[in-house]
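final-v5.pdb follows (PDB, C-alpha atoms and all ligand atoms):
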ATOM      1  CA  MET A 147      61.789  83.960  60.471  1.00  0.00           C
ATOM      2  CA  ASN A 148      61.442  86.963  62.775  1.00  0.00           C
ATOM      3  CA  LEU A 149      59.551  86.422  66.014  1.00  0.00           C
ATOM      4  CA  THR A 150      59.545  90.150  66.730  1.00  0.00           C
ATOM      5  CA  GLU A 151      61.361  93.154  65.260  1.00  0.00           C
ATOM      6  CA  HIS A 152      64.775  92.354  66.765  1.00  0.00           C
ATOM      7  CA  PHE A 153      64.624  88.612  67.452  1.00  0.00           C
ATOM      8  CA  THR A 154      64.629  85.716  65.024  1.00  0.00           C
ATOM      9  CA  LEU A 155      63.488  82.155  65.577  1.00  0.00           C
ATOM     10  CA  ASP A 156      67.017  81.038  64.637  1.00  0.00           C
ATOM     11  CA  GLU A 157      68.679  82.917  67.487  1.00  0.00           C
ATOM     12  CA  LEU A 158      66.054  81.721  69.974  1.00  0.00           C
ATOM     13  CA  THR A 159      66.640  78.072  69.003  1.00  0.00           C
ATOM     14  CA  ILE A 160      70.428  78.192  68.696  1.00  0.00           C
ATOM     15  CA  SER A 161      72.225  75.257  70.319  1.00  0.00           C
ATOM     16  CA  GLN A 162      75.880  74.369  69.937  1.00  0.00           C
ATOM     17  CA  GLU A 163      75.121  71.095  71.687  1.00  0.00           C
ATOM     18  CA  ALA A 164      72.385  70.182  69.201  1.00  0.00           C
ATOM     19  CA  ALA A 165      74.712  71.003  66.314  1.00  0.00           C
ATOM     20  CA  ARG A 166      77.589  69.018  67.793  1.00  0.00           C
ATOM     21  CA  PHE A 167      75.492  65.890  68.319  1.00  0.00           C
ATOM     22  CA  GLU A 168      73.187  66.350  65.324  1.00  0.00           C
ATOM     23  CA  LEU A 169      70.086  66.643  67.488  1.00  0.00           C
ATOM     24  CA  ASP A 170      66.934  68.257  66.174  1.00  0.00           C
ATOM     25  CA  ASN A 171      66.237  71.442  68.135  1.00  0.00           C
ATOM     26  CA  SER A 172      63.165  72.564  66.190  1.00  0.00           C
ATOM     27  CA  PRO A 173      60.303  73.856  68.348  1.00  0.00           C
ATOM     28  CA  GLY A 174      56.625  73.143  67.690  1.00  0.00           C
ATOM     29  CA  GLU A 175      53.925  75.798  67.402  1.00  0.00           C
ATOM     30  CA  PRO A 176      53.247  76.089  71.174  1.00  0.00           C
ATOM     31  CA  GLN A 177      56.957  76.597  71.874  1.00  0.00           C
ATOM     32  CA  ILE A 178      57.255  79.156  69.071  1.00  0.00           C
ATOM     33  CA  ASP A 179      54.262  81.028  70.513  1.00  0.00           C
ATOM     34  CA  ALA A 180      55.906  81.005  73.949  1.00  0.00           C
ATOM     35  CA  LEU A 181      59.196  82.299  72.527  1.00  0.00           C
ATOM     36  CA  ARG A 182      57.347  85.103  70.767  1.00  0.00           C
ATOM     37  CA  THR A 183      55.568  86.079  73.995  1.00  0.00           C
ATOM     38  CA  LEU A 184      58.906  86.119  75.824  1.00  0.00           C
ATOM     39  CA  CYS A 185      60.324  88.446  73.161  1.00  0.00           C
ATOM     40  CA  VAL A 186      57.282  90.744  73.196  1.00  0.00           C
ATOM     41  CA  LYS A 187      56.914  90.971  76.966  1.00  0.00           C
ATOM     42  CA  VAL A 188      60.528  90.909  78.135  1.00  0.00           C
ATOM     43  CA  LEU A 189      63.309  90.988  75.531  1.00  0.00           C
ATOM     44  CA  GLU A 190      62.010  93.751  73.244  1.00  0.00           C
ATOM     45  CA  PRO A 191      61.209  96.169  76.116  1.00  0.00           C
ATOM     46  CA  LEU A 192      64.611  95.457  77.637  1.00  0.00           C
ATOM     47  CA  ARG A 193      66.367  96.007  74.310  1.00  0.00           C
ATOM     48  CA  ALA A 194      64.414  99.213  73.695  1.00  0.00           C
ATOM     49  CA  HIS A 195      65.618 100.529  77.040  1.00  0.00           C
ATOM     50  CA  VAL A 196      69.315  99.655  76.750  1.00  0.00           C
ATOM     51  CA  LYS A 197      69.422 100.456  73.013  1.00  0.00           C
ATOM     52  CA  ARG A 198      71.936  97.736  72.286  1.00  0.00           C
ATOM     53  CA  PRO A 199      71.787  94.128  71.124  1.00  0.00           C
ATOM     54  CA  ILE A 200      70.886  91.269  73.411  1.00  0.00           C
ATOM     55  CA  ILE A 201      73.054  88.223  72.745  1.00  0.00           C
ATOM     56  CA  VAL A 202      71.136  84.970  73.252  1.00  0.00           C
ATOM     57  CA  SER A 203      73.143  81.876  74.191  1.00  0.00           C
ATOM     58  CA  SER A 204      70.189  79.525  74.698  1.00  0.00           C
ATOM     59  CA  GLY A 205      66.436  79.802  74.242  1.00  0.00           C
ATOM     60  CA  TYR A 206      64.293  76.816  73.274  1.00  0.00           C
ATOM     61  CA  ARG A 207      65.791  73.401  74.013  1.00  0.00           C
ATOM     62  CA  ALA A 208      64.371  70.090  72.839  1.00  0.00           C
ATOM     63  CA  LYS A 209      64.143  67.632  75.745  1.00  0.00           C
ATOM     64  CA  ASN A 210      67.085  65.514  74.586  1.00  0.00           C
ATOM     65  CA  VAL A 211      69.229  68.612  74.034  1.00  0.00           C
ATOM     66  CA  ASN A 212      68.314  69.879  77.496  1.00  0.00           C
ATOM     67  CA  ALA A 213      69.099  66.510  79.092  1.00  0.00           C
ATOM     68  CA  ARG A 214      72.470  66.367  77.391  1.00  0.00           C
ATOM     69  CA  ILE A 215      73.588  69.671  78.851  1.00  0.00           C
ATOM     70  CA  GLY A 216      72.318  68.728  82.314  1.00  0.00           C
ATOM     71  CA  GLY A 217      69.305  71.038  82.350  1.00  0.00           C
ATOM     72  CA  ALA A 218      66.505  70.405  84.824  1.00  0.00           C
ATOM     73  CA  PRO A 219      63.857  68.055  83.317  1.00  0.00           C
ATOM     74  CA  SER A 220      61.170  70.654  84.083  1.00  0.00           C
ATOM     75  CA  SER A 221      63.211  73.453  82.489  1.00  0.00           C
ATOM     76  CA  GLN A 222      61.178  76.297  81.037  1.00  0.00           C
ATOM     77  CA  HIS A 223      63.666  76.249  78.142  1.00  0.00           C
ATOM     78  CA  CYS A 224      61.854  73.098  76.881  1.00  0.00           C
ATOM     79  CA  LYS A 225      58.573  75.036  76.715  1.00  0.00           C
ATOM     80  CA  GLY A 226      60.108  77.998  74.912  1.00  0.00           C
ATOM     81  CA  GLU A 227      59.457  80.068  78.014  1.00  0.00           C
ATOM     82  CA  ALA A 228      63.066  80.850  78.987  1.00  0.00           C
ATOM     83  CA  VAL A 229      66.144  82.437  77.491  1.00  0.00           C
ATOM     84  CA  ASP A 230      69.777  82.798  78.573  1.00  0.00           C
ATOM     85  CA  PHE A 231      71.539  85.935  77.375  1.00  0.00           C
ATOM     86  CA  ILE A 232      74.060  88.667  77.953  1.00  0.00           C
ATOM     87  CA  ILE A 233      74.082  92.345  77.116  1.00  0.00           C
ATOM     88  CA  PRO A 234      77.640  93.296  76.122  1.00  0.00           C
ATOM     89  CA  GLY A 235      79.005  96.069  78.338  1.00  0.00           C
ATOM     90  CA  MET A 236      76.589  95.362  81.207  1.00  0.00           C
ATOM     91  CA  SER A 237      77.176  93.186  84.257  1.00  0.00           C
ATOM     92  CA  THR A 238      74.638  90.443  84.936  1.00  0.00           C
ATOM     93  CA  ALA A 239      73.798  92.158  88.240  1.00  0.00           C
ATOM     94  CA  ASN A 240      72.962  95.354  86.368  1.00  0.00           C
ATOM     95  CA  VAL A 241      70.838  93.463  83.839  1.00  0.00           C
ATOM     96  CA  VAL A 242      68.867  91.780  86.641  1.00  0.00           C
ATOM     97  CA  ALA A 243      68.438  95.107  88.435  1.00  0.00           C
ATOM     98  CA  LEU A 244      67.187  96.702  85.226  1.00  0.00           C
ATOM     99  CA  ILE A 245      64.663  93.933  84.522  1.00  0.00           C
ATOM    100  CA  ARG A 246      63.269  94.503  88.003  1.00  0.00           C
ATOM    101  CA  ALA A 247      63.333  98.297  87.720  1.00  0.00           C
ATOM    102  CA  LEU A 248      61.442  98.182  84.410  1.00  0.00           C
ATOM    103  CA  ASP A 249      58.822  96.004  86.111  1.00  0.00           C
ATOM    104  CA  LEU A 250      58.866  93.495  83.260  1.00  0.00           C
ATOM    105  CA  PRO A 251      56.446  90.562  83.662  1.00  0.00           C
ATOM    106  CA  PHE A 252      58.964  87.806  84.360  1.00  0.00           C
ATOM    107  CA  ASP A 253      58.321  84.457  85.990  1.00  0.00           C
ATOM    108  CA  GLN A 254      61.922  83.912  87.045  1.00  0.00           C
ATOM    109  CA  VAL A 255      65.199  85.779  86.656  1.00  0.00           C
ATOM    110  CA  ILE A 256      68.461  84.045  87.539  1.00  0.00           C
ATOM    111  CA  ASP A 257      71.882  85.674  87.672  1.00  0.00           C
ATOM    112  CA  GLU A 258      73.846  82.599  86.580  1.00  0.00           C
ATOM    113  CA  PHE A 259      77.322  82.689  88.117  1.00  0.00           C
ATOM    114  CA  SER A 260      77.688  86.364  87.123  1.00  0.00           C
ATOM    115  CA  ARG A 261      78.198  85.051  83.563  1.00  0.00           C
ATOM    116  CA  TRP A 262      74.770  85.235  81.953  1.00  0.00           C
ATOM    117  CA  VAL A 263      71.139  85.970  82.830  1.00  0.00           C
ATOM    118  CA  HIS A 264      68.245  83.500  82.600  1.00  0.00           C
ATOM    119  CA  VAL A 265      64.781  85.003  82.294  1.00  0.00           C
ATOM    120  CA  SER A 266      61.441  83.263  81.827  1.00  0.00           C
ATOM    121  CA  HIS A 267      57.850  84.190  81.146  1.00  0.00           C
ATOM    122  CA  SER A 268      55.135  81.657  81.937  1.00  0.00           C
ATOM    123  CA  GLU A 269      52.596  81.206  79.126  1.00  0.00           C
ATOM    124  CA  ASP A 270      49.868  79.933  81.428  1.00  0.00           C
ATOM    125  CA  GLY A 271      49.094  81.590  84.696  1.00  0.00           C
ATOM    126  CA  GLN A 272      50.848  83.859  87.081  1.00  0.00           C
ATOM    127  CA  GLN A 273      54.376  85.174  86.866  1.00  0.00           C
ATOM    128  CA  ARG A 274      56.182  84.354  90.112  1.00  0.00           C
ATOM    129  CA  GLY A 275      58.498  87.355  89.902  1.00  0.00           C
ATOM    130  CA  GLU A 276      61.213  85.229  91.498  1.00  0.00           C
ATOM    131  CA  VAL A 277      64.840  86.420  91.478  1.00  0.00           C
ATOM    132  CA  LEU A 278      67.650  83.954  92.136  1.00  0.00           C
ATOM    133  CA  LEU A 279      71.429  83.988  92.222  1.00  0.00           C
ATOM    134  CA  ALA A 280      73.208  80.815  91.005  1.00  0.00           C
ATOM    135  CA  LEU A 281      76.517  80.129  92.745  1.00  0.00           C
ATOM    136  CA  HIS A 282      79.092  77.371  92.924  1.00  0.00           C
ATOM    137  CA  ARG A 283      79.590  76.181  96.500  1.00  0.00           C
ATOM    138  CA  ASP A 284      81.630  73.119  97.489  1.00  0.00           C
ATOM    139  CA  GLY A 285      81.543  71.779  93.952  1.00  0.00           C
ATOM    140  CA  ALA A 286      77.784  72.033  93.620  1.00  0.00           C
ATOM    141  CA  VAL A 287      75.405  74.560  92.115  1.00  0.00           C
ATOM    142  CA  ARG A 288      73.356  76.470  94.661  1.00  0.00           C
ATOM    143  CA  TYR A 289      70.495  78.884  94.128  1.00  0.00           C
ATOM    144  CA  ARG A 290      70.040  81.733  96.544  1.00  0.00           C
ATOM    145  CA  LYS A 291      66.664  83.412  96.522  1.00  0.00           C
ATOM    146  CA  VAL A 292      67.008  87.187  96.275  1.00  0.00           C
ATOM    147  CA  VAL A 293      63.307  88.054  95.903  1.00  0.00           C
TER     148      VAL A 293
HETATM  149 ZN    ZN B 301      68.388  79.267  81.378  1.00  0.00          ZN
END

Translate the structure of the given file into structure tokens.
Amino acid sequence: MNLTEHFTLDELTISQEAARFELDNSPGEPQIDALRTLCVKVLEPLRAHVKRPIIVSSGYRAKNVNARIGGAPSSQHCKGEAVDFIIPGMSTANVVALIRALDLPFDQVIDEFSRWVHVSHSEDGQQRGEVLLALHRDGAVRYRKVV
């Protein structure tokens, strides 16, 4: 099932962890709606600009899948409001800069350890427009607010 022209429900619900532990990672209607909004408002415009594929590593996560990988209990991934991805050939810093330059309506963008980018779009209410950098410091994960 296609959510939008270039994004399928399958790729937005992919989870190696769910597959490994035979967990159900199927979203309900509200989560599917949120994923579609995220594609329409953020991923499709971004893809249209860079003219190359966006590779999703994690979109929707069922609560037990999210807990197993150590995600925050309040993670927007559980609502279908967040996606982790890379764009081959682009640094995460450049992807974050581009999302900001295009003025896309994001709630939160996180450059995660210079390895992948997390972006969210809130279904209800205001987008915070918050930009964070995730770093490892002294064996712990730290988030530095950029904007
Ligand atoms: Zn994420």

Point to revise | Close residues, Thr238 in chain A itself excluded, 9 Å, only C-alpha atoms, min 2 positions apart in chain, as a list of chain:residue names | key: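 The residues that qualify are A:Ile232, A:Ile233, A:Met236, A:Asn240, A:Val241, A:Val242, A:Ala243, A:Asp257, A:Glu258, A:Phe259, A:Ser260, A:Arg261, A:Trp262, A:Val263.
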
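Here the PyMOL selection byres (((not hetatm)) within 8 of (chain B and resi 301)) catches exactly these residues: Ser204, Gly205, Ser221, Gln222, His223, Ala228, Val229, Asp230, Ile256, Val263, His264 and Val265 of chain A.
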
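One distance worth recording is that between CA of Gln162 in chain A and CA of Glu276 in chain A, which is 28.2 Å.
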
Exercise for review: Step by step, work through what the PyMOL selection byres (((chain A and resi 190-201) around 10) and not hetatm) selects in the shown file, and finish by giving those residues as a list in words.
Suggested key: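 That expression, the PyMOL selection byres (((chain A and resi 190-201) around 10) and not hetatm), corresponds here to Thr150, Glu151, His152, Phe153, Glu157, Leu158, Leu184, Cys185, Val186, Lys187, Val188, Leu189, Val202, Ser203, Ser204, Asp230, Phe231, Ile232, Ile233, Pro234, Gly235, Met236, Val241, Leu244, Ile245, Leu248, Leu250 and Trp262 of chain A.
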
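The space separating CA of Arg283 in chain A from CA of Arg246 in chain A comes to 26.0 Å.
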
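Here CA of Ala286 in chain A stands at a distance of 14.1 Å from CA of Gly217 in chain A.
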
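Nearest-residue note for Asp270 in chain A: choosing from A:Thr159, A:Asn148, A:Thr183, A:Asn171, the minimum distance belongs to A:Thr183, counting only C-alpha atoms.
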
Practice item. Evaluate the PyMOL selection byres (((chain A and resi 179) around 12) and not hetatm) here and jot the selected residues down as a list in words. Key: Leu149, Thr150, Leu155, Leu158, Pro173, Gly174, Glu175, Pro176, Gln177, Ile178, Ala180, Leu181, Arg182, Thr183, Leu184, Cys185, Val186, Tyr206, Lys225, Gly226, Glu227, His267, Ser268, Glu269 and Asp270 of chain A
